[in-house]
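These notes concern the structure reproduced below.
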Amino acid sequence: MRFNNFVKFGNLSNMKKVFIDRDDLEKIWEKRTFCVKILLIAFFTIIWLKIFYLQVVKHSYYLSKAKARSISGYVIKAPRGEIITADGVVVATNRAIFQLYIDLETLPDEELILKRLSLILNEDYGKLKERFYLAKKNSFGRILFKRNLSWDEVSRIVVRQYYLPGVSVEVEAERYYPYREAYFHILGYVAKISKEEFEKLKDKNYSSEDLVGKKGIEKLYESHLKGRNGRIETERDAKGRLGKVVGRIDPTAGDDLVLTLRHDLQMRAYELLKEKRGAIVALSPEDGSLLALVSAPAVDPNKFISGFEDGEWERITHDPKKPLLNKAIQAYPPGSTYKLLTALAGLKAGIVKGLGWSVSCPGYYPYGNHVFRCWETRGHGSANLIRAIAVSCDVYFYTIGSRLDVDLLADVSRSFGLGRVSGLGFSDEKPGLVPDKAWKKRRFGANWNQGETVVVSIGQGYILTTPLQMARAYMVFANGGNLYRPFVVAAIRKKDGTVVFKNTPQLEGKVAINPEHLEWLRDGLREVVESGTGKASKVPGLIVWGKTGTAQVVAIEKKTKNLEHHAWFVSYAGNSTPKIVTAVLVEHGGGGGAVAAPLAGELYKAYYKLPSQLIKWTSKEEETPPDLSGGFLYGNFTEN
Amino acid sequence: MEILPKISPFLRDNLYAFLAFLSLIVINILNQSGMGETGIYFWKNLIWNFLGFALFLFILFRFDYRRVSLELLWILYASMLILLIILALFKKRWLIIGPLSFQPSEFLKIILVYLISLIISKKTEPKLTSAEAVLLLIVIALPVFLLLPVDLDYAGIIFLMFFTFLVFLGFPKRLLLLFFMLGLAFSIVILPIAWNKLKPHQKGRIYGYLDPEKYHKTWGYQINQSLIAIGSGGLLGHGLQKGWSTRLNYLPAKNTDLAFAVWAEAFGLLGSTLFMLIYGYFLYWGLLVSNKAKDLLGKALSLGIVLIFLFQFIFNLGGAIGLLPMTSIPQPFLSYGGSITISAYIMLSILFNISFRKDFFK
């Protein structure tokens, strides 16, 4: 049956009484359709041009927008290189931990997710929210919401992943320092990159969540330790849920550092010092490599990553003992440990004419309109060079100082590496101060006063040195004239074992010392330990050469005047040839012989693996610095 | 079956149009298969296309567009009005019967274009008199007015479509000028008032249109996502089902309103251009059919259908690419939808029917 039959009202005859004129209609219609054609072409052209603009001209713009929206790239942090001591102990490593991240961009509903998280983590919602907003303020993009999740927490979150858009749990390698405070000042620490640092480093493969070396070796060797971050790219749907992984660049671990430090020595040094405040530096006189470097008190570097407890950071920053300061590279008046350099200058200048040349010490030394006191008020009687060093007779060195040209003394000091940074590379290292005439002119606009030389000759006054510098200076006595640049990193090697960098000892200079003079000075140093002020450092079976020092602390404010002196002991030891030089400084510790010298002795026992028994050493012949504060000198001795 | 011998000349004349038609069907199916995991739409779309094609063949061979009487159309028109009244009362855009949802506006277009064409085909003058023009305007305005509360966009577009149609049918110039002046005055006076009366989401569309990037999280979300999808397609596109916007559900209403964005993302400028060329050729061919039709009904009907397809295209694509404010109207042969598919097939079959029958005009 024809469909047309259903159309009941169909009436074809209607069509027959058509138009006036066919041709007329055709003409009019052609005109009309022509207009529509124009319309059609116009609209199609406009729309096509816009599409062309979007898809060709702005393609890269929209593609990057699409990518930014649909692909979330997460950084896989490169494990930092490990730091290993010379005896093979890993002192800075990485441990795998679970981190809870919240992606601010895809977080659909903060409150909802935080509520769910508070239930899952069993934490108070209010506190969680507070933490979230705090973190949000300090972060950009993605925030590390909770560190070091337990296995239990991880599983609880991961199974509910679908209901937690924007939340992700990631395994990361995080810096860990197994020996905590002991290595704090030498290794430094890592902490979250700051916004300013990130702005500077973001082109160098840093992510906003990276830990970056802030101090010590971690900072100095940041570029080696860092490694290259990897990246994982995951599809993210409109609801913020992550889908399949579309790209992955594996991270490259940072290079390992092999240090010159000896672990047992370092640990012993910290143990000896941890109750006190001060620094111990141990160097090898053979090449300048650091054997130990400790400063106390110290901070647990792990806390810079995991966070300090409430108020702990405040306590640390306000602690008068300044735990954050690496005291091994801060400048102090060297006290009597400087007398060796005065002696050498005296020998060079011909003031000290030999071992026969002696000074009679009545316990005081008048110079100009001032009387300088010897620490031994009863006087030392007649003392030659060796005895003067052994008993640390101030009058003997005042006598040299009164005739010595300060510029010569400064030259000798500089040739021992004083007055400049040691080249270890730490940015917080102080250069110390070696005063001379030109310096005084520059600094105070005044001429040098010979009385000042008298004071400097016993290591007081303007002269300032760091424990590292003093250890380095005595290294010259130990090895007979070679001034090495201290170094701590022996080698840098990749994870596969290939060595990228191997340190070679840098001889910075040779100090020309008359062998006879050197012999005398060494005898003096040895006599200090054998019979003089440094007996406490004596180690059976070893030869120890050393010099005590007790640096007077002149505080600007009167009320702190009765602070105790800084105790110094700079020494070296060996069976026949010296193998280790140490500088021990105990801030406000008291006398160098009683406080600092025993520590050095203990260190040598540790170095030579000898049995140790730390006995409290008390000696009547304790050296205290002469009171200089009543004189014409007013200087700030502890700061430079 | 006296028609069958005529098929070969028909095909000879309209081969390209027929091929274009088939390619549009392929594009439609391809595009819906590129939507990703929402597989049900693909199969439903396939079924609609199949039904539509069957209807197309049936109408093409078993139907003569000249046989539809005015009375039948008036009855259809009246029933459409009643349907729209009911829907307006219930504030519904869709008539839902069981599993099927039926969008009356799609069929309203067919009824209107047929009715208007039929009315003017009875005339003996090539131009409309003022009275006729007003009458036809009322015929258009009545359903549009009923559609207004439930489907503002479509109502507006349908009115615009058919008003343009009337203009091409010889709308009196004086009246046109009057309407133009009235419209201008109206917009100056009423628009500010109307603006305040608009619902936030309606205002938001304008905001989103004016600055999609600024309102990318709120009003401009759709347009912004659409622009990203289209723009990221580039020259050659990401390939079927590969585009992020489509696959990761960033495109809202990707099956319907933003189906073009899906296509453009998948096949890039090449695909967009191809679609536009085919679609454009098809409309152009429609105009040729209109020129060649021997009777005024055929001429008017084919012109009207071309205009409907053109407006659909302008507003859908214009919205998707940010030239015009976003409107929720589907694009024939890209969007999914039972009503749009069936109505598109019906209109095309009428177009082919006109072309088919011009040769044995009695």
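By convention here, the chains of the structure tokens are called A, B, ... in the order presented, each chain's residues are numbered starting at 1, and ligands are numbered starting at 1 in the order presented.
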
TODO: Going by DSSP on the backbone, which bits of region 487-632 of chain A are helix (DSSP H, G or I)? Write them as a ChimeraX atom specification, please.
DONE: /A:515-530,535-537,558-560,592-607

Using only C-alpha atoms, which residues of chain B come within 8 Å of chain A, and what is the closest atom pair for each, with the distance in Å to one decimal? Give it as a tab-separated table, sorted by chain and residue number.
residue	atom	partner	partner_atom	distance
B:Arg62	CA	A:Phe3	CA	5.4
B:Phe63	CA	A:Asn4	CA	5.7
B:Asp64	CA	A:Asn4	CA	6.7
B:Arg66	CA	A:Leu12	CA	6.7
B:Arg67	CA	A:Gly10	CA	4.2
B:Val68	CA	A:Gly10	CA	5.2
B:Ser69	CA	A:Phe9	CA	4.9
B:Leu70	CA	A:Phe9	CA	7.7
B:Glu71	CA	A:Phe9	CA	6.9
B:Leu72	CA	A:Phe9	CA	6.7
B:Lys122	CA	A:Val18	CA	7.6
B:Lys123	CA	A:Phe19	CA	7.6
B:Thr124	CA	A:Phe19	CA	5.1
B:Glu125	CA	A:Phe19	CA	7.2
B:Pro126	CA	A:Leu25	CA	6.9
B:Phe168	CA	A:Arg32	CA	6.0
B:Leu169	CA	A:Arg32	CA	7.9
B:Leu227	CA	A:Leu54	CA	7.3
B:Ile228	CA	A:Tyr62	CA	5.0
B:Ala229	CA	A:Ala66	CA	7.1
B:Ile230	CA	A:Gln55	CA	6.4
B:Gly231	CA	A:Gln55	CA	4.3
B:Ser232	CA	A:Leu63	CA	4.1
B:Gly233	CA	A:Gln55	CA	6.2
B:Gly234	CA	A:Gln55	CA	4.4
B:Leu235	CA	A:Val56	CA	6.3
B:Trp244	CA	A:Ser70	CA	6.2
B:Ser245	CA	A:Ala66	CA	7.2
B:Leu248	CA	A:Asp237	CA	4.4
B:Asn249	CA	A:Ala238	CA	5.6
B:Tyr250	CA	A:Ala238	CA	4.9
B:Gly268	CA	A:Gln55	CA	6.9
B:Leu269	CA	A:Gln55	CA	6.1
B:Ser272	CA	A:Ile51	CA	7.8
B:Thr273	CA	A:Trp48	CA	7.2
B:Met276	CA	A:Phe44	CA	7.5
B:Gly280	CA	A:Phe44	CA	7.4
B:Tyr284	CA	A:Lys37	CA	6.9
B:Leu287	CA	A:Thr33	CA	6.1
B:Ser290	CA	A:Thr33	CA	7.6
B:Asn291	CA	A:Glu30	CA	6.2
B:Asp295	CA	A:Met15	CA	7.6
B:Leu296	CA	A:Val18	CA	8.0
B:Lys299	CA	A:Trp29	CA	7.9
B:Leu303	CA	A:Thr33	CA	7.4
B:Leu310	CA	A:Leu40	CA	7.1
B:Ile314	CA	A:Phe43	CA	7.1
B:Leu317	CA	A:Ile47	CA	7.5
B:Gly318	CA	A:Ile47	CA	6.7
B:Ile321	CA	A:Ile51	CA	6.8
B:Leu323	CA	A:Lys50	CA	7.8

- [ ] Rank nothing, just name the residue among A:Pro578, A:Gly592, A:Pro285, A:Thr317 nearest to Tyr484 (chain A), using only C-alpha atoms.
- [x]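 Nearest candidate to Tyr484 (chain A) out of A:Pro578, A:Gly592, A:Pro285, A:Thr317: A:Pro285.
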
TODO: Determine, counting only C-alpha atoms, which protein, DNA and RNA residues have an atom within 6 Å of an atom of region 33-50 of chain B; residues of the same chain fewer than 3 positions away are not included. Present the result as a PyMOL selection string.
DONE: chain B and resi 30+53+240-241+247+338

Please dump the current selection as a PDB file, in the first residue's frame; keep C-alpha atoms.
ATOM      1  CA  LEU B  30      32.570   8.001  14.852  1.00  0.00           C
ATOM      2  CA  PHE B  53      17.962   5.940   8.316  1.00  0.00           C
ATOM      3  CA  LEU B 240      39.772   9.155  18.551  1.00  0.00           C
ATOM      4  CA  GLN B 241      39.355   8.665  22.298  1.00  0.00           C
ATOM      5  CA  ARG B 247      38.493  11.053  28.020  1.00  0.00           C
ATOM      6  CA  GLY B 338      17.015  10.674  19.823  1.00  0.00           C
TER       7      GLY B 338
END

Task: Contacts of region 325-332 of chain A within 9 Å, only C-alpha atoms, excl. fewer than 6 positions in-chain, as an MDAnalysis selection string - done: chainID A and resid 184:186 216 277:281 293:298 421 426 428:433 463:469 551 566 583:585 637:640

TODO: Just give me the gap between CA of Ala96 (chain A) and CA of Glu222 (chain A) in Å, one decimal is fine.
DONE: 20.3 Å

TODO: Just the residues within 12 Å of Gly350 (chain A), please, counting only C-alpha atoms, with nothing from its chain fewer than 3 positions along; format it as a PyMOL selection string.
DONE: chain A and resi 342-347+353-354+357+400+403-405+408+517

Kindly save the residues from that selection, with all heavy atoms included, as a compact mmCIF listing (two decimals), in the first residue's frame.
# COMPACT_ATOMS: atom_id res chain seq x y z
N THR A 342 104.75 34.12 68.17
CA THR A 342 105.55 35.24 68.70
C THR A 342 107.00 34.79 68.83
O THR A 342 107.92 35.53 68.45
CB THR A 342 105.01 35.65 70.07
OG1 THR A 342 103.61 35.84 69.99
CG2 THR A 342 105.69 36.93 70.56
N ALA A 343 107.16 33.57 69.32
CA ALA A 343 108.52 33.05 69.51
C ALA A 343 109.24 32.96 68.18
O ALA A 343 110.40 33.37 68.05
CB ALA A 343 108.45 31.68 70.17
N LEU A 344 108.52 32.45 67.18
CA LEU A 344 109.14 32.30 65.87
C LEU A 344 109.51 33.67 65.29
O LEU A 344 110.60 33.85 64.75
CB LEU A 344 108.20 31.56 64.91
CG LEU A 344 108.80 31.26 63.54
CD1 LEU A 344 110.00 30.33 63.67
CD2 LEU A 344 107.74 30.63 62.63
N ALA A 345 108.60 34.60 65.46
CA ALA A 345 108.88 35.97 64.97
C ALA A 345 110.08 36.53 65.71
O ALA A 345 110.96 37.19 65.11
CB ALA A 345 107.65 36.84 65.16
N GLY A 346 110.12 36.25 67.03
CA GLY A 346 111.24 36.72 67.84
C GLY A 346 112.54 36.10 67.35
O GLY A 346 113.57 36.79 67.26
N LEU A 347 112.50 34.82 67.02
CA LEU A 347 113.70 34.16 66.51
C LEU A 347 114.11 34.76 65.17
O LEU A 347 115.28 35.02 64.91
CB LEU A 347 113.43 32.66 66.33
CG LEU A 347 113.37 31.83 67.61
CD1 LEU A 347 112.74 30.47 67.34
CD2 LEU A 347 114.76 31.65 68.21
N LYS A 353 117.93 35.12 70.91
CA LYS A 353 119.24 34.87 70.30
C LYS A 353 119.65 33.42 70.41
O LYS A 353 120.75 33.05 70.05
CB LYS A 353 120.27 35.79 70.91
CG LYS A 353 119.97 37.24 70.56
CD LYS A 353 120.95 38.23 71.17
CE LYS A 353 120.55 39.65 70.82
NZ LYS A 353 119.31 40.06 71.53
N GLY A 354 118.80 32.63 70.95
CA GLY A 354 119.17 31.22 71.12
C GLY A 354 118.66 30.73 72.45
O GLY A 354 117.95 31.47 73.16
N TRP A 357 119.49 32.68 75.52
CA TRP A 357 118.85 33.98 75.80
C TRP A 357 117.66 33.76 76.72
O TRP A 357 116.74 33.05 76.37
CB TRP A 357 118.39 34.60 74.49
CG TRP A 357 117.89 36.01 74.62
CD1 TRP A 357 118.62 37.13 74.73
CD2 TRP A 357 116.52 36.42 74.67
NE1 TRP A 357 117.85 38.24 74.83
CE2 TRP A 357 116.51 37.82 74.81
CE3 TRP A 357 115.29 35.75 74.64
CZ2 TRP A 357 115.34 38.57 74.90
CZ3 TRP A 357 114.13 36.50 74.72
CH2 TRP A 357 114.14 37.90 74.84
N ILE A 400 109.70 39.87 74.28
CA ILE A 400 109.84 39.79 72.81
C ILE A 400 108.94 40.82 72.16
O ILE A 400 109.37 41.59 71.28
CB ILE A 400 109.48 38.38 72.29
CG1 ILE A 400 110.39 37.33 72.90
CG2 ILE A 400 109.57 38.34 70.77
CD1 ILE A 400 110.02 35.90 72.56
N ARG A 403 109.89 44.43 71.74
CA ARG A 403 110.95 44.80 70.77
C ARG A 403 110.55 44.41 69.34
O ARG A 403 111.26 44.71 68.39
CB ARG A 403 112.24 44.05 71.12
CG ARG A 403 112.70 44.36 72.53
CD ARG A 403 113.95 43.58 72.85
NE ARG A 403 114.17 43.55 74.28
CZ ARG A 403 115.10 42.83 74.85
NH1 ARG A 403 115.90 42.07 74.14
NH2 ARG A 403 115.24 42.84 76.17
N LEU A 404 109.45 43.73 69.21
CA LEU A 404 109.10 43.13 67.91
C LEU A 404 108.30 44.12 67.06
O LEU A 404 107.46 44.86 67.58
CB LEU A 404 108.25 41.88 68.16
CG LEU A 404 108.02 40.92 67.01
CD1 LEU A 404 109.34 40.37 66.49
CD2 LEU A 404 107.14 39.76 67.48
N ASP A 405 108.61 44.10 65.78
CA ASP A 405 107.80 44.88 64.84
C ASP A 405 106.50 44.10 64.59
O ASP A 405 106.54 42.93 64.19
CB ASP A 405 108.57 45.07 63.54
CG ASP A 405 107.76 45.86 62.52
OD1 ASP A 405 106.69 46.40 62.92
OD2 ASP A 405 108.16 45.90 61.34
N LEU A 408 106.09 42.25 61.29
CA LEU A 408 106.78 40.97 61.14
C LEU A 408 105.96 39.85 61.78
O LEU A 408 105.78 38.78 61.19
CB LEU A 408 108.17 41.04 61.80
CG LEU A 408 108.93 39.72 61.80
CD1 LEU A 408 109.33 39.32 60.39
CD2 LEU A 408 110.17 39.79 62.70
N HIS A 517 115.63 26.45 64.82
CA HIS A 517 114.53 27.14 65.50
C HIS A 517 113.36 26.19 65.67
O HIS A 517 112.73 26.14 66.73
CB HIS A 517 114.08 28.36 64.69
CG HIS A 517 115.10 29.44 64.61
ND1 HIS A 517 114.98 30.55 63.81
CD2 HIS A 517 116.29 29.56 65.23
CE1 HIS A 517 116.04 31.31 63.92
NE2 HIS A 517 116.87 30.73 64.80

Contact residues around Phe315 (chain B) with only C-alpha atoms at 10 Å, ignoring same-chain residues under 2 positions, as a PDB file with N, CA, C and O atoms, in the first residue's frame:
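Written file, result27.pdb:
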ATOM      1  N   ASP B 153      16.959  29.198  25.424  1.00  0.00           N
ATOM      2  CA  ASP B 153      17.884  29.239  24.292  1.00  0.00           C
ATOM      3  C   ASP B 153      17.211  28.784  23.006  1.00  0.00           C
ATOM      4  O   ASP B 153      17.242  29.471  21.987  1.00  0.00           O
ATOM      5  N   TYR B 154      16.622  27.609  23.116  1.00  0.00           N
ATOM      6  CA  TYR B 154      16.043  27.025  21.911  1.00  0.00           C
ATOM      7  C   TYR B 154      14.913  27.885  21.390  1.00  0.00           C
ATOM      8  O   TYR B 154      14.763  28.082  20.173  1.00  0.00           O
ATOM      9  N   ILE B 157      16.371  30.764  19.569  1.00  0.00           N
ATOM     10  CA  ILE B 157      16.977  30.382  18.294  1.00  0.00           C
ATOM     11  C   ILE B 157      15.910  30.013  17.273  1.00  0.00           C
ATOM     12  O   ILE B 157      16.002  30.387  16.092  1.00  0.00           O
ATOM     13  N   LEU B 310      21.473  25.538   9.146  1.00  0.00           N
ATOM     14  CA  LEU B 310      22.484  26.589   9.242  1.00  0.00           C
ATOM     15  C   LEU B 310      22.480  27.218  10.640  1.00  0.00           C
ATOM     16  O   LEU B 310      23.524  27.412  11.260  1.00  0.00           O
ATOM     17  N   PHE B 311      21.284  27.515  11.122  1.00  0.00           N
ATOM     18  CA  PHE B 311      21.203  28.152  12.445  1.00  0.00           C
ATOM     19  C   PHE B 311      21.664  27.224  13.548  1.00  0.00           C
ATOM     20  O   PHE B 311      22.317  27.637  14.499  1.00  0.00           O
ATOM     21  N   GLN B 312      21.299  25.971  13.390  1.00  0.00           N
ATOM     22  CA  GLN B 312      21.742  24.971  14.354  1.00  0.00           C
ATOM     23  C   GLN B 312      23.273  24.980  14.431  1.00  0.00           C
ATOM     24  O   GLN B 312      23.869  25.004  15.494  1.00  0.00           O
ATOM     25  N   PHE B 313      23.867  25.012  13.246  1.00  0.00           N
ATOM     26  CA  PHE B 313      25.324  25.016  13.137  1.00  0.00           C
ATOM     27  C   PHE B 313      25.925  26.278  13.744  1.00  0.00           C
ATOM     28  O   PHE B 313      26.865  26.228  14.531  1.00  0.00           O
ATOM     29  N   LEU B 317      28.149  25.579  17.027  1.00  0.00           N
ATOM     30  CA  LEU B 317      29.588  25.779  16.871  1.00  0.00           C
ATOM     31  C   LEU B 317      30.027  27.145  17.385  1.00  0.00           C
ATOM     32  O   LEU B 317      31.062  27.275  18.035  1.00  0.00           O
ATOM     33  N   GLY B 318      29.178  28.148  17.081  1.00  0.00           N
ATOM     34  CA  GLY B 318      29.505  29.485  17.574  1.00  0.00           C
ATOM     35  C   GLY B 318      29.651  29.495  19.082  1.00  0.00           C
ATOM     36  O   GLY B 318      30.536  30.140  19.636  1.00  0.00           O
ATOM     37  N   GLY B 319      28.786  28.740  19.741  1.00  0.00           N
ATOM     38  CA  GLY B 319      28.878  28.640  21.195  1.00  0.00           C
ATOM     39  C   GLY B 319      30.122  27.890  21.622  1.00  0.00           C
ATOM     40  O   GLY B 319      30.830  28.308  22.536  1.00  0.00           O
ATOM     41  N   ALA B 320      30.389  26.791  20.939  1.00  0.00           N
ATOM     42  CA  ALA B 320      31.511  25.949  21.341  1.00  0.00           C
ATOM     43  C   ALA B 320      32.850  26.645  21.140  1.00  0.00           C
ATOM     44  O   ALA B 320      33.787  26.416  21.894  1.00  0.00           O
ATOM     45  N   ILE B 321      32.944  27.509  20.142  1.00  0.00           N
ATOM     46  CA  ILE B 321      34.232  28.163  19.902  1.00  0.00           C
ATOM     47  C   ILE B 321      34.277  29.551  20.493  1.00  0.00           C
ATOM     48  O   ILE B 321      35.246  30.278  20.298  1.00  0.00           O
ATOM     49  N   LEU B 323      32.345  32.215  19.945  1.00  0.00           N
ATOM     50  CA  LEU B 323      31.908  33.379  19.186  1.00  0.00           C
ATOM     51  C   LEU B 323      30.585  33.903  19.718  1.00  0.00           C
ATOM     52  O   LEU B 323      30.331  35.102  19.698  1.00  0.00           O
ATOM     53  N   LEU B 324      29.754  32.991  20.149  1.00  0.00           N
ATOM     54  CA  LEU B 324      28.434  33.347  20.652  1.00  0.00           C
ATOM     55  C   LEU B 324      28.305  32.802  22.067  1.00  0.00           C
ATOM     56  O   LEU B 324      29.044  31.892  22.437  1.00  0.00           O
ATOM     57  N   PRO B 325      27.382  33.323  22.847  1.00  0.00           N
ATOM     58  CA  PRO B 325      27.197  32.741  24.179  1.00  0.00           C
ATOM     59  C   PRO B 325      26.800  31.274  24.055  1.00  0.00           C
ATOM     60  O   PRO B 325      26.186  30.864  23.072  1.00  0.00           O
ATOM     61  N   MET B 326      27.198  30.538  25.056  1.00  0.00           N
ATOM     62  CA  MET B 326      26.899  29.109  25.071  1.00  0.00           C
ATOM     63  C   MET B 326      25.391  28.884  25.109  1.00  0.00           C
ATOM     64  O   MET B 326      24.700  29.467  25.925  1.00  0.00           O
ATOM     65  N   THR B 327      24.895  28.067  24.174  1.00  0.00           N
ATOM     66  CA  THR B 327      23.478  27.717  24.240  1.00  0.00           C
ATOM     67  C   THR B 327      23.405  26.200  24.223  1.00  0.00           C
ATOM     68  O   THR B 327      24.288  25.541  23.695  1.00  0.00           O
ATOM     69  N   SER B 328      22.337  25.687  24.786  1.00  0.00           N
ATOM     70  CA  SER B 328      22.283  24.227  24.849  1.00  0.00           C
ATOM     71  C   SER B 328      21.515  23.684  23.667  1.00  0.00           C
ATOM     72  O   SER B 328      20.446  23.124  23.806  1.00  0.00           O
ATOM     73  N   ILE B 329      22.037  23.915  22.459  1.00  0.00           N
ATOM     74  CA  ILE B 329      21.375  23.310  21.317  1.00  0.00           C
ATOM     75  C   ILE B 329      22.325  22.321  20.654  1.00  0.00           C
ATOM     76  O   ILE B 329      23.530  22.546  20.590  1.00  0.00           O
ATOM     77  N   PRO B 330      21.791  21.203  20.245  1.00  0.00           N
ATOM     78  CA  PRO B 330      22.649  20.164  19.685  1.00  0.00           C
ATOM     79  C   PRO B 330      23.035  20.456  18.237  1.00  0.00           C
ATOM     80  O   PRO B 330      22.387  21.256  17.557  1.00  0.00           O
ATOM     81  N   GLN B 331      24.107  19.801  17.813  1.00  0.00           N
ATOM     82  CA  GLN B 331      24.555  19.948  16.435  1.00  0.00           C
ATOM     83  C   GLN B 331      24.180  18.667  15.688  1.00  0.00           C
ATOM     84  O   GLN B 331      24.656  17.592  16.041  1.00  0.00           O
TER      85      GLN B 331
END

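Of the residues listed (A:Tyr608, A:Tyr125, A:Trp151, A:Phe569), A:Phe569 shows the shortest atom-to-atom separation from Gly589 (chain A); distances use only C-alpha atoms.
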
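Of the residues under consideration (A:Ile232, A:Leu134, A:Val154, A:Ala253), A:Ala253 shows the shortest atom-to-atom contact distance to Ala173 (chain A) when counting only C-alpha atoms.
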